[in-house]
Amino acid sequence: VGVRAITALTDRVSGLGITDAQSGLRAYSGYVLPLLSPVEDGMGASTEILLKGVECNLRVVEVPVTVKYWGLDTSTHNPIYQALEVISGIIKYVSMRHPLLFYGVPGAILVITGLLIGVWTTQLYISLGRLNTSLAWISIGSMMIGLLLCFTAIILFTMMNVIRQQK
(Lines give C-alpha, C1' and ligand atoms only; values in the text may rest on other atoms or scores of the structure.)
Protein backbone atom coordinates (compact mmCIF):
# COMPACT_ATOMS: atom_id res chain seq x y z
CA VAL A 1 0.00 0.00 0.00
CA GLY A 2 2.83 2.37 0.90
CA VAL A 3 4.72 1.77 -2.34
CA ARG A 4 1.52 2.30 -4.33
CA ALA A 5 0.81 5.59 -2.53
CA ILE A 6 4.37 6.84 -3.04
CA THR A 7 4.29 5.74 -6.67
CA ALA A 8 0.96 7.57 -7.18
CA LEU A 9 2.41 10.75 -5.64
CA THR A 10 5.59 10.48 -7.70
CA ASP A 11 3.58 9.81 -10.84
CA ARG A 12 1.34 12.82 -10.12
CA VAL A 13 4.37 15.09 -9.75
CA SER A 14 6.39 13.64 -12.64
CA GLY A 15 3.70 12.57 -15.12
CA LEU A 16 5.78 9.49 -16.00
CA GLY A 17 3.08 6.83 -15.73
CA ILE A 18 5.35 4.47 -13.79
CA THR A 19 4.14 1.51 -11.76
CA ASP A 20 6.92 1.36 -9.12
CA ALA A 21 8.77 4.51 -8.03
CA GLN A 22 10.70 2.66 -5.35
CA SER A 23 12.35 0.00 -7.48
CA GLY A 24 16.01 -0.15 -6.63
CA LEU A 25 16.92 -1.77 -9.94
CA ARG A 26 17.96 1.02 -12.30
CA ALA A 27 20.21 1.35 -15.33
CA TYR A 28 21.69 4.64 -16.54
CA SER A 29 23.86 5.87 -19.36
CA GLY A 30 27.18 7.15 -18.12
CA TYR A 31 26.63 10.72 -19.29
CA VAL A 32 23.43 11.14 -17.23
CA LEU A 33 24.85 10.10 -13.86
CA PRO A 34 26.11 13.60 -12.95
CA LEU A 35 22.69 15.03 -13.86
CA LEU A 36 20.86 12.62 -11.58
CA SER A 37 23.05 12.79 -8.49
CA PRO A 38 20.54 12.84 -5.60
CA VAL A 39 20.66 15.21 -2.67
CA GLU A 40 18.43 12.96 -0.56
CA ASP A 41 19.81 10.04 1.40
CA GLY A 42 17.99 6.77 1.87
CA MET A 43 14.74 5.85 0.17
CA GLY A 44 13.98 9.42 -0.93
CA ALA A 45 16.83 9.25 -3.45
CA SER A 46 14.90 6.84 -5.65
CA THR A 47 12.06 9.26 -6.36
CA GLU A 48 14.39 12.24 -6.54
CA ILE A 49 16.33 10.55 -9.35
CA LEU A 50 13.09 10.01 -11.29
CA LEU A 51 12.04 13.64 -10.80
CA LYS A 52 15.45 14.92 -11.88
CA GLY A 53 15.28 12.71 -14.97
CA VAL A 54 11.97 14.31 -15.95
CA GLU A 55 13.39 17.78 -15.28
CA CYS A 56 16.37 17.04 -17.55
CA ASN A 57 14.03 15.72 -20.29
CA LEU A 58 15.58 12.26 -20.09
CA ARG A 59 13.74 9.22 -21.38
CA VAL A 60 12.54 7.00 -18.56
CA VAL A 61 11.55 3.48 -19.53
CA GLU A 62 10.11 0.95 -17.13
CA VAL A 63 10.98 -2.67 -17.82
CA PRO A 64 9.17 -5.43 -15.89
CA VAL A 65 11.37 -7.65 -13.74
CA THR A 66 10.66 -10.53 -11.39
CA VAL A 67 12.18 -10.31 -7.93
CA LYS A 68 12.35 -13.06 -5.35
CA TYR A 69 13.61 -12.43 -1.83
CA TRP A 70 14.83 -15.59 -0.16
CA GLY A 71 14.88 -15.62 3.63
CA LEU A 72 13.41 -12.13 4.06
CA ASP A 73 9.82 -11.81 5.23
CA THR A 74 9.66 -8.00 5.45
CA SER A 75 11.74 -4.90 4.95
CA THR A 76 14.32 -4.13 7.60
CA HIS A 77 13.23 -0.45 7.61
CA ASN A 78 10.29 0.99 9.51
CA PRO A 79 7.63 1.42 6.77
CA ILE A 80 6.12 4.57 8.29
CA TYR A 81 9.51 6.27 8.64
CA GLN A 82 10.42 5.15 5.14
CA ALA A 83 7.18 6.54 3.66
CA LEU A 84 7.57 9.85 5.50
CA GLU A 85 11.16 10.11 4.30
CA VAL A 86 10.14 9.62 0.66
CA ILE A 87 7.11 11.92 0.85
CA SER A 88 9.13 14.69 2.53
CA GLY A 89 11.75 14.35 -0.22
CA ILE A 90 9.08 14.76 -2.90
CA ILE A 91 7.59 17.77 -1.12
CA LYS A 92 11.03 19.36 -0.73
CA TYR A 93 11.82 18.76 -4.40
CA VAL A 94 8.54 20.23 -5.64
CA SER A 95 8.71 23.20 -3.25
CA MET A 96 12.19 24.12 -4.48
CA ARG A 97 11.38 23.65 -8.17
CA HIS A 98 8.00 25.44 -8.11
CA PRO A 99 8.02 27.82 -5.11
CA LEU A 100 5.45 30.24 -6.53
CA LEU A 101 2.95 27.44 -6.96
CA PHE A 102 3.82 25.57 -3.76
CA TYR A 103 4.01 28.56 -1.38
CA GLY A 104 2.55 31.48 -3.33
CA VAL A 105 -0.86 30.04 -4.20
CA PRO A 106 -1.70 28.91 -0.64
CA GLY A 107 -0.30 32.22 0.64
CA ALA A 108 -2.51 34.25 -1.68
CA ILE A 109 -5.53 32.16 -0.70
CA LEU A 110 -4.82 32.77 2.98
CA VAL A 111 -4.36 36.53 2.45
CA ILE A 112 -7.63 36.79 0.52
CA THR A 113 -9.43 34.65 3.12
CA GLY A 114 -8.04 36.83 5.91
CA LEU A 115 -9.16 39.99 4.13
CA LEU A 116 -12.67 38.60 3.58
CA ILE A 117 -12.94 37.57 7.23
CA GLY A 118 -11.63 41.02 8.20
CA VAL A 119 -14.30 42.73 6.12
CA TRP A 120 -16.96 40.47 7.63
CA THR A 121 -15.64 41.22 11.14
CA THR A 122 -15.75 44.95 10.43
CA GLN A 123 -19.32 44.71 9.13
CA LEU A 124 -20.36 42.81 12.26
CA TYR A 125 -18.72 45.46 14.43
CA ILE A 126 -20.52 48.25 12.61
CA SER A 127 -23.92 46.55 12.73
CA LEU A 128 -23.76 45.06 16.26
CA GLY A 129 -21.48 47.54 17.98
CA ARG A 130 -19.18 44.83 19.37
CA LEU A 131 -16.03 43.23 18.08
CA ASN A 132 -15.89 39.49 17.52
CA THR A 133 -12.30 38.95 18.68
CA SER A 134 -12.18 35.33 17.48
CA LEU A 135 -12.90 36.38 13.90
CA ALA A 136 -10.47 39.28 14.19
CA TRP A 137 -7.67 36.96 15.33
CA ILE A 138 -8.46 34.45 12.58
CA SER A 139 -8.34 37.28 10.03
CA ILE A 140 -5.03 38.63 11.33
CA GLY A 141 -3.47 35.16 11.63
CA SER A 142 -4.59 34.12 8.18
CA MET A 143 -3.18 37.28 6.59
CA MET A 144 0.13 36.99 8.47
CA ILE A 145 0.66 33.35 7.53
CA GLY A 146 -0.43 34.11 3.94
CA LEU A 147 2.01 37.02 3.67
CA LEU A 148 4.80 34.87 5.11
CA LEU A 149 4.11 32.18 2.50
CA CYS A 150 4.00 34.77 -0.31
CA PHE A 151 7.32 36.27 0.76
CA THR A 152 8.82 32.79 1.05
CA ALA A 153 7.65 32.02 -2.49
CA ILE A 154 9.18 35.20 -3.88
CA ILE A 155 12.50 34.70 -2.07
CA LEU A 156 12.82 31.04 -3.11
CA PHE A 157 11.82 31.85 -6.69
CA THR A 158 14.49 34.55 -6.86
CA MET A 159 17.13 32.31 -5.29
CA MET A 160 16.39 29.42 -7.65
CA ASN A 161 16.61 31.73 -10.67
CA VAL A 162 19.97 33.10 -9.50
CA ILE A 163 21.27 29.54 -8.98
CA ARG A 164 20.02 28.46 -12.43
CA GLN A 165 21.70 31.44 -14.10
CA GLN A 166 25.04 30.61 -12.45
CA LYS A 167 25.07 27.08 -13.89
# chains A, B, ... in the order shown; residues from 1 in each chain; ligands from 1
>>> residues_around(residues="Asn57 of chain A", least_positions_apart="2", cutoff="12 Å", atoms="only C-alpha atoms", output="ChimeraX atom specification")
/A:14-16,32,35-36,50-55,59-60
>>> select_by_dssp(residues="segment 3-167 of chain A", states="helix (DSSP H, G or I)", output="VMD selection string")
chain A and resid 3 to 14 30 to 36 44 to 55 79 to 97 99 to 128 133 to 166
>>> atom_distance(atom1="atom CA of Ser127 of chain A", atom2="atom CA of Ile109 of chain A")
26.9 Å
